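Structure file final.cif (mmCIF, C-alpha atoms and all ligand atoms) is printed below.
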```cif
data_data
loop_
_atom_site.label_atom_id
_atom_site.label_comp_id
_atom_site.auth_asym_id
_atom_site.auth_seq_id
_atom_site.Cartn_x
_atom_site.Cartn_y
_atom_site.Cartn_z
CA MET J 889 -44.50 3.72 -2.69
CA ILE J 890 -41.10 2.15 -3.30
CA ASP J 891 -40.54 -1.60 -3.49
CA ILE J 892 -36.97 -2.46 -2.53
CA HIS J 893 -37.22 -6.20 -3.30
CA VAL J 894 -38.33 -6.82 -6.89
CA HIS J 895 -36.67 -9.33 -9.19
CA TYR J 896 -35.94 -8.30 -12.75
CA PHE J 897 -34.42 -11.13 -14.78
CA PRO J 898 -34.44 -11.54 -18.56
CA GLU J 899 -37.45 -13.54 -19.76
CA GLY J 900 -35.56 -16.81 -20.31
CA MET J 901 -34.08 -16.80 -16.82
CA PHE J 902 -37.42 -15.97 -15.25
CA GLN J 903 -38.96 -18.93 -17.09
CA ALA J 904 -36.24 -21.22 -15.69
CA ILE J 905 -36.71 -19.86 -12.15
CA TRP J 906 -40.50 -20.32 -12.34
CA ARG J 907 -40.09 -23.87 -13.58
CA TYR J 908 -37.75 -24.59 -10.66
CA PHE J 909 -40.20 -23.06 -8.18
CA ALA J 910 -43.06 -25.20 -9.51
CA ILE J 911 -41.34 -28.58 -8.93
CA PRO J 912 -43.20 -29.98 -5.89
CA ASP J 913 -40.08 -31.51 -4.28
CA HIS J 914 -38.47 -28.10 -3.98
CA GLY J 915 -40.89 -26.96 -1.30
CA LEU J 916 -41.53 -23.66 -3.07
CA TRP J 917 -44.65 -22.46 -4.90
CA ASP J 918 -46.23 -21.82 -8.22
CA VAL J 919 -45.45 -18.20 -9.01
CA LYS J 920 -48.62 -16.17 -9.44
CA TYR J 921 -47.27 -13.35 -11.60
CA LYS J 922 -45.31 -14.74 -14.53
CA LEU J 923 -44.36 -11.29 -15.76
CA TYR J 924 -41.17 -9.75 -17.08
CA GLY J 925 -39.90 -6.49 -18.59
CA SER J 926 -42.47 -3.74 -19.03
CA GLN J 927 -45.23 -6.06 -17.74
CA ILE J 928 -43.61 -5.82 -14.30
CA ILE J 929 -43.60 -2.04 -14.47
CA GLN J 930 -47.28 -1.89 -15.48
CA ALA J 931 -48.35 -4.35 -12.78
CA LEU J 932 -46.46 -2.52 -10.04
CA LYS J 933 -47.77 0.87 -11.20
CA LYS J 934 -51.30 -0.42 -10.75
CA GLU J 935 -50.42 -1.32 -7.16
CA GLY J 936 -49.15 2.21 -6.50
CA VAL J 937 -45.40 1.53 -6.79
CA LYS J 938 -43.44 4.39 -8.30
CA ARG J 939 -39.92 3.03 -8.16
CA PHE J 940 -38.48 -0.42 -7.54
CA THR J 941 -35.18 -2.30 -7.50
CA THR J 942 -34.01 -4.86 -10.06
CA LEU J 943 -32.64 -7.72 -7.96
CA VAL J 944 -30.66 -10.34 -9.88
CA TYR J 945 -28.17 -12.99 -8.84
CA ALA J 946 -25.98 -15.53 -10.58
CA HIS J 947 -25.59 -19.23 -9.85
CA LYS J 948 -22.76 -20.03 -12.24
CA PRO J 949 -19.75 -18.33 -13.83
CA GLY J 950 -20.30 -16.01 -16.75
CA LEU J 951 -23.85 -15.04 -15.84
CA ALA J 952 -23.32 -11.93 -13.71
CA GLY J 953 -21.96 -9.87 -16.61
CA TYR J 954 -24.91 -10.77 -18.79
CA LEU J 955 -27.35 -9.86 -16.01
CA ASN J 956 -25.60 -6.58 -15.24
CA ASP J 957 -25.70 -5.54 -18.89
CA PHE J 958 -29.37 -6.48 -19.08
CA ILE J 959 -30.12 -4.33 -16.03
CA ARG J 960 -28.17 -1.42 -17.44
CA GLU J 961 -30.10 -1.53 -20.73
CA SER J 962 -33.43 -1.89 -18.92
CA ALA J 963 -32.71 1.00 -16.56
CA ASP J 964 -31.82 3.22 -19.53
CA GLN J 965 -35.23 2.39 -20.97
CA PHE J 966 -37.42 2.55 -17.86
CA PRO J 967 -36.94 5.33 -15.28
CA GLU J 968 -39.02 3.42 -12.70
CA LEU J 969 -36.13 0.99 -12.21
CA ILE J 970 -33.62 1.44 -9.39
CA PRO J 971 -30.78 -0.55 -10.93
CA PHE J 972 -29.12 -3.23 -8.79
CA GLY J 973 -26.65 -5.73 -10.23
CA THR J 974 -24.68 -8.64 -8.89
CA VAL J 975 -21.16 -10.05 -8.54
CA PHE J 976 -20.18 -13.72 -8.81
CA VAL J 977 -16.72 -14.14 -7.31
CA GLY J 978 -16.25 -17.44 -9.14
CA ASP J 979 -15.81 -15.31 -12.27
CA GLY J 980 -12.44 -14.24 -10.85
CA ARG J 981 -12.82 -10.55 -11.65
CA SER J 982 -15.00 -9.26 -8.86
CA GLU J 983 -13.21 -5.95 -8.31
CA LYS J 984 -13.36 -5.12 -12.01
CA VAL J 985 -17.07 -5.95 -12.14
CA ALA J 986 -17.72 -3.86 -9.02
CA ARG J 987 -15.98 -0.86 -10.61
CA GLN J 988 -17.97 -1.36 -13.78
CA ILE J 989 -21.41 -1.60 -12.18
CA PHE J 990 -20.91 1.08 -9.54
CA GLU J 991 -18.61 3.60 -11.19
CA GLN J 992 -19.50 3.20 -14.84
CA TYR J 993 -23.11 1.91 -14.78
CA LYS J 994 -23.98 3.91 -11.63
CA PHE J 995 -26.01 1.09 -10.09
CA TYR J 996 -27.35 1.81 -6.60
CA GLY J 997 -26.28 -1.53 -5.19
CA MET J 998 -26.15 -5.25 -5.71
CA LYS J 999 -27.91 -8.40 -4.60
CA LEU J 1000 -26.21 -11.50 -3.23
CA HIS J 1001 -28.07 -14.74 -2.66
CA PRO J 1002 -25.51 -17.04 -0.98
CA PHE J 1003 -27.71 -20.14 -1.08
CA VAL J 1004 -28.33 -19.96 -4.81
CA SER J 1005 -24.85 -18.78 -5.80
CA ASN J 1006 -23.11 -21.08 -3.32
CA GLU J 1007 -20.77 -18.21 -2.47
CA ASN J 1008 -20.59 -17.10 1.17
CA LEU J 1009 -20.91 -13.44 2.12
CA ASP J 1010 -17.64 -13.63 4.06
CA ASP J 1011 -15.70 -15.09 1.14
CA PRO J 1012 -12.62 -12.81 1.08
CA ARG J 1013 -12.95 -12.53 -2.67
CA PHE J 1014 -15.94 -10.24 -2.00
CA PHE J 1015 -13.89 -7.90 0.20
CA PRO J 1016 -12.57 -5.64 -2.58
CA VAL J 1017 -16.19 -5.32 -3.73
CA TYR J 1018 -17.39 -4.33 -0.25
CA GLU J 1019 -14.58 -1.82 0.00
CA ILE J 1020 -15.69 -0.10 -3.19
CA MET J 1021 -19.34 -0.21 -2.10
CA GLN J 1022 -18.54 1.24 1.30
CA ASP J 1023 -16.53 4.08 -0.25
CA LEU J 1024 -19.25 4.91 -2.75
CA GLY J 1025 -22.20 4.38 -0.37
CA LYS J 1026 -23.69 1.54 -2.43
CA ILE J 1027 -26.19 -0.89 -0.94
CA LEU J 1028 -25.91 -4.63 -0.50
CA VAL J 1029 -29.22 -6.50 -0.49
CA CYS J 1030 -28.59 -10.03 0.69
CA HIS J 1031 -30.53 -13.09 1.71
CA PRO J 1032 -28.36 -14.82 4.34
CA SER J 1033 -31.15 -16.30 6.49
CA SER J 1034 -32.87 -19.65 6.18
CA VAL J 1035 -36.25 -18.57 4.81
CA PRO J 1036 -38.00 -20.29 3.06
CA ILE J 1037 -36.26 -23.66 2.75
CA TYR J 1038 -32.54 -23.28 3.42
CA GLN J 1039 -30.90 -25.43 6.06
CA LYS J 1040 -27.99 -23.21 7.12
CA THR J 1041 -28.53 -20.63 9.85
CA ASP J 1042 -24.97 -19.25 10.09
CA GLY J 1043 -25.70 -16.29 7.78
CA SER J 1044 -25.70 -13.70 10.56
CA ILE J 1045 -22.30 -14.93 11.78
CA ARG J 1046 -20.86 -14.57 8.29
CA LEU J 1047 -22.43 -11.16 7.85
CA ARG J 1048 -21.03 -10.07 11.21
CA LYS J 1049 -17.54 -10.99 9.98
CA VAL J 1050 -18.08 -8.77 6.96
CA LEU J 1051 -19.39 -5.88 9.04
CA ASN J 1052 -16.51 -6.12 11.48
CA GLN J 1053 -14.30 -5.18 8.54
CA PHE J 1054 -16.68 -2.87 6.70
CA GLN J 1055 -18.61 -1.06 9.39
CA ARG J 1056 -20.03 1.58 7.04
CA LEU J 1057 -21.25 -0.90 4.43
CA LYS J 1058 -25.01 -0.43 3.96
CA VAL J 1059 -26.71 -3.80 4.10
CA ILE J 1060 -30.37 -4.68 3.64
CA VAL J 1061 -31.16 -8.08 5.13
CA ALA J 1062 -33.99 -9.49 3.03
CA HIS J 1063 -37.15 -10.89 4.60
CA CYS J 1064 -36.26 -9.25 7.98
CA GLY J 1065 -33.81 -12.13 8.41
CA ALA J 1066 -36.53 -14.77 8.68
CA PHE J 1067 -36.52 -17.08 10.46
CA GLU J 1068 -33.50 -16.03 12.60
CA TYR J 1069 -35.07 -12.76 13.73
CA GLU J 1070 -33.17 -12.65 17.00
CA ASP J 1071 -29.74 -13.06 15.36
CA TYR J 1072 -30.38 -10.25 12.90
CA SER J 1073 -31.84 -7.97 15.58
CA LEU J 1074 -28.57 -8.31 17.45
CA LEU J 1075 -26.69 -7.46 14.28
CA ALA J 1076 -28.86 -4.38 13.73
CA ASP J 1077 -28.19 -3.30 17.31
CA ASP J 1078 -24.45 -3.64 16.83
CA PHE J 1079 -24.13 -2.11 13.37
CA GLU J 1080 -25.62 1.21 12.35
CA TYR J 1081 -26.05 0.44 8.67
CA ILE J 1082 -28.06 -2.76 8.88
CA TYR J 1083 -31.52 -2.45 7.28
CA PHE J 1084 -34.34 -4.90 6.61
CA ASP J 1085 -36.82 -5.52 3.84
CA THR J 1086 -40.30 -6.91 4.37
CA ALA J 1087 -40.53 -9.36 1.47
CA PHE J 1088 -42.90 -12.17 2.47
CA ASN J 1089 -43.08 -10.99 6.07
CA CYS J 1090 -46.39 -11.26 7.86
CA VAL J 1091 -48.32 -12.54 4.84
CA HIS J 1092 -50.49 -15.34 6.11
CA SER J 1093 -49.55 -18.13 3.79
CA GLU J 1094 -49.65 -21.88 3.62
CA PHE J 1095 -46.12 -21.73 2.23
CA LEU J 1096 -44.47 -19.87 5.08
CA ALA J 1097 -45.32 -20.15 8.72
CA ASN J 1098 -43.50 -17.95 11.26
CA ASN J 1099 -42.89 -15.27 8.65
CA CYS J 1100 -43.62 -12.27 10.88
CA PRO J 1101 -41.02 -10.87 13.31
CA GLY J 1102 -43.85 -9.13 15.20
CA ARG J 1103 -45.13 -5.60 15.73
CA GLU J 1104 -42.43 -4.74 18.26
CA PHE J 1105 -39.72 -5.50 15.70
CA PHE J 1106 -41.32 -3.05 13.25
CA LEU J 1107 -41.59 -0.34 15.87
CA ARG J 1108 -38.07 -0.84 17.14
CA TYR J 1109 -36.48 -0.72 13.68
CA GLN J 1110 -38.98 1.69 12.12
CA ASP J 1111 -36.20 3.83 10.61
CA ARG J 1112 -34.46 0.83 9.06
CA ILE J 1113 -37.22 -1.30 7.55
CA LEU J 1114 -38.02 -0.87 3.87
CA PHE J 1115 -41.04 -2.21 2.07
CA GLY J 1116 -40.23 -5.11 -0.25
CA SER J 1117 -42.38 -7.79 -1.86
CA ASP J 1118 -40.27 -10.33 -3.82
CA PHE J 1119 -42.47 -9.56 -6.84
CA PRO J 1120 -43.06 -11.23 -9.26
CA ASN J 1121 -41.96 -14.52 -7.63
CA ILE J 1122 -44.79 -14.69 -5.11
CA PRO J 1123 -47.68 -17.11 -4.64
CA HIS J 1124 -50.10 -14.49 -3.27
CA ARG J 1125 -51.73 -11.32 -4.55
CA TYR J 1126 -49.39 -8.32 -4.29
CA SER J 1127 -51.94 -6.40 -2.21
CA LYS J 1128 -51.74 -9.12 0.43
CA GLN J 1129 -48.20 -8.01 1.27
CA ILE J 1130 -49.34 -4.42 1.71
CA ASP J 1131 -52.43 -5.41 3.71
CA SER J 1132 -50.40 -7.66 6.01
CA LEU J 1133 -48.19 -4.75 6.99
CA HIS J 1134 -51.18 -2.44 7.45
CA GLY J 1135 -52.56 -5.16 9.70
CA LEU J 1136 -49.77 -4.53 12.20
CA ASN J 1137 -51.39 -1.14 13.01
CA LEU J 1138 -48.09 0.68 13.07
CA GLY J 1139 -49.68 4.08 12.52
CA GLU J 1140 -49.44 6.50 9.64
CA ALA J 1141 -46.04 7.98 10.49
CA VAL J 1142 -44.30 4.59 10.73
CA GLU J 1143 -46.04 3.35 7.59
CA ARG J 1144 -44.82 6.37 5.64
CA LYS J 1145 -41.25 5.51 6.64
CA LEU J 1146 -41.72 1.87 5.77
CA PHE J 1147 -43.41 2.31 2.40
CA SER J 1148 -41.28 5.17 1.07
CA ASP J 1149 -39.31 7.55 3.28
CA ASN J 1150 -36.72 5.06 4.55
CA ALA J 1151 -35.95 3.97 0.99
CA ILE J 1152 -35.77 7.55 -0.30
CA LYS J 1153 -33.33 8.38 2.47
CA LEU J 1154 -31.18 5.28 2.14
CA ILE J 1155 -30.97 5.27 -1.64
CA GLY J 1156 -31.01 9.02 -2.09
CA LEU J 1157 -34.03 9.13 -4.40
CA GLU J 1158 -35.97 12.33 -4.80
CA GLY J 1159 -39.69 12.62 -5.36
CA ALA J 1160 -40.45 8.91 -5.33
ZN ZN J 1201 -36.22 -12.36 -3.52
#
```
Kindly return the structure encoded in the file as structure tokens.
Amino acid sequence: MIDIHVHYFPEGMFQAIWRYFAIPDHGLWDVKYKLYGSQIIQALKKEGVKRFTTLVYAHKPGLAGYLNDFIRESADQFPELIPFGTVFVGDGRSEKVARQIFEQYKFYGMKLHPFVSNENLDDPRFFPVYEIMQDLGKILVCHPSSVPIYQKTDGSIRLRKVLNQFQRLKVIVAHCGAFEYEDYSLLADDFEYIYFDTAFNCVHSEFLANNCPGREFFLRYQDRILFGSDFPNIPHRYSKQIDSLHGLNLGEAVERKLFSDNAIKLIGLEGA
């Protein structure tokens, strides 16, 4: 099994994120698995995960470089990691950073979280980065939709602007684009390289209603949906995410695609 949506921050940043999540006013949740580093690897191994991504994102200048270096060191140490970095255009050196993480560090892709970074996907300062990614076949995991608490729903419009310019850019829309499933379905129909991850989808939870795009969505995009969990920043048991997807009764062949084959194909991993 491959998990395409795992966060892998340094301990101090994880602690800050978990503290933020726990503040009742924020409408989030108390994170169940307060794990970092090798603890994450051990916990995921127990759940049957062989390889997983290292999603990080920056919310202020100067942080992306630190995170990218941390991911590089961690990936050198642990072969289970599928290294993903990030770019913060406010740093003013996005093209240089993109060359570093993709050409020198050989990362498989990067994560952008526009709501946290306050940097829009269609900010032209990202365009040189997308150009490099498109040329090298790197993957953009992004969270442009409103789940769980964000007020803006124009993410698909912004992403469409990007894809109009970079039609071969491989993009994974996190959380199946919840809650704007229709908008992201249209995007997937128009652009060949739009993919989805399942993080939080279909888990029956008091924190997230309407988190399942439905069985038809999974069947329709069965070659483009990749299993993801949002581990460790989840309020539920990890197995609940797996069980929820099994509960859709998609059949063995579709499940194999979802839990591993689609990721192997997209990322180019062997034997995972
Ligand atoms: Zn996430």
Using CA of Phe902 (chain J) and CA of Tyr954 (chain J) as the two end points, give the distance in Å to one decimal.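 Calculated distance between CA of Phe902 (chain J) and CA of Tyr954 (chain J) is 14.0 Å.
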Selection within 8 Å of ligand ZN 1201 (chain J) by all atoms listed in the file, output as number ranges by chain: J: 893-895, 943, 1031, 1062, 1087, 1117-1119, 1121
Selection from above, C-alpha atoms, as an mmCIF file, in the coordinates of the input, can you write it?
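Generated output (part.cif):
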```cif
data_model
loop_
_atom_site.group_PDB
_atom_site.id
_atom_site.type_symbol
_atom_site.label_atom_id
_atom_site.label_comp_id
_atom_site.auth_asym_id
_atom_site.auth_seq_id
_atom_site.Cartn_x
_atom_site.Cartn_y
_atom_site.Cartn_z
ATOM 1 C CA HIS J 893 -37.220 -6.200 -3.300
ATOM 2 C CA VAL J 894 -38.330 -6.820 -6.890
ATOM 3 C CA HIS J 895 -36.670 -9.330 -9.190
ATOM 4 C CA LEU J 943 -32.640 -7.720 -7.960
ATOM 5 C CA HIS J 1031 -30.530 -13.090 1.710
ATOM 6 C CA ALA J 1062 -33.990 -9.490 3.030
ATOM 7 C CA ALA J 1087 -40.530 -9.360 1.470
ATOM 8 C CA SER J 1117 -42.380 -7.790 -1.860
ATOM 9 C CA ASP J 1118 -40.270 -10.330 -3.820
ATOM 10 C CA PHE J 1119 -42.470 -9.560 -6.840
ATOM 11 C CA ASN J 1121 -41.960 -14.520 -7.630
#
```
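The gap separating CA of Ser1093 (chain J) from CA of Ser1073 (chain J) is 23.6 Å, in Å to one decimal.
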Calculate how many Å separate CA of Tyr945 (chain J) from CA of Phe1105 (chain J), rounding to one decimal.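 Rounded to one decimal, the two atoms are 28.1 Å apart.
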Counting only C-alpha atoms, which residues of region 1018-1105 of chain J sit at most 10 Å from some atom of region 1141-1154 of chain J, and what is each one's closest atom pair with its distance in Å to one decimal, listed by chain and rising residue number, as CSV?
```
residue,atom,partner,partner_atom,distance
J:Gly1025,CA,J:Leu1154,CA,9.4
J:Lys1026,CA,J:Leu1154,CA,9.5
J:Ile1027,CA,J:Leu1154,CA,8.5
J:Lys1058,CA,J:Leu1154,CA,8.6
J:Tyr1081,CA,J:Leu1154,CA,9.6
J:Tyr1083,CA,J:Leu1154,CA,9.3
J:Asp1085,CA,J:Leu1146,CA,9.1
J:Thr1086,CA,J:Leu1146,CA,9.0
```
I'd like to know which of J:Asp1010, J:Lys934, J:Gly1139, J:Pro1123 is closest to Phe1106 (chain J), using all atoms listed in the file.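 Using all atoms listed in the file, Phe1106 (chain J) sits closest to J:Gly1139.
Between Glu1080 (chain J) and the residues J:Val975, J:Arg1108, J:Phe1067, J:Leu1051, the shortest atom-to-atom distance, using all atoms listed in the file, involves J:Leu1051.
Close contacts of Asp979 (chain J), defined as residues with an atom at most 9 Å away when counting all atoms listed in the file, with chain neighbours fewer than 4 positions off set aside, comprise Lys948, Pro949, Gly950, Leu951, Ala952 and Val975 of chain J.
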Export, as a compact mmCIF listing (two decimals), in the coordinates of the input, the selected residues with C-alpha atoms.
```
# COMPACT_ATOMS: atom_id res chain seq x y z
CA LYS J 948 -22.76 -20.03 -12.24
CA PRO J 949 -19.75 -18.33 -13.83
CA GLY J 950 -20.30 -16.01 -16.75
CA LEU J 951 -23.85 -15.04 -15.84
CA ALA J 952 -23.32 -11.93 -13.71
CA VAL J 975 -21.16 -10.05 -8.54
```
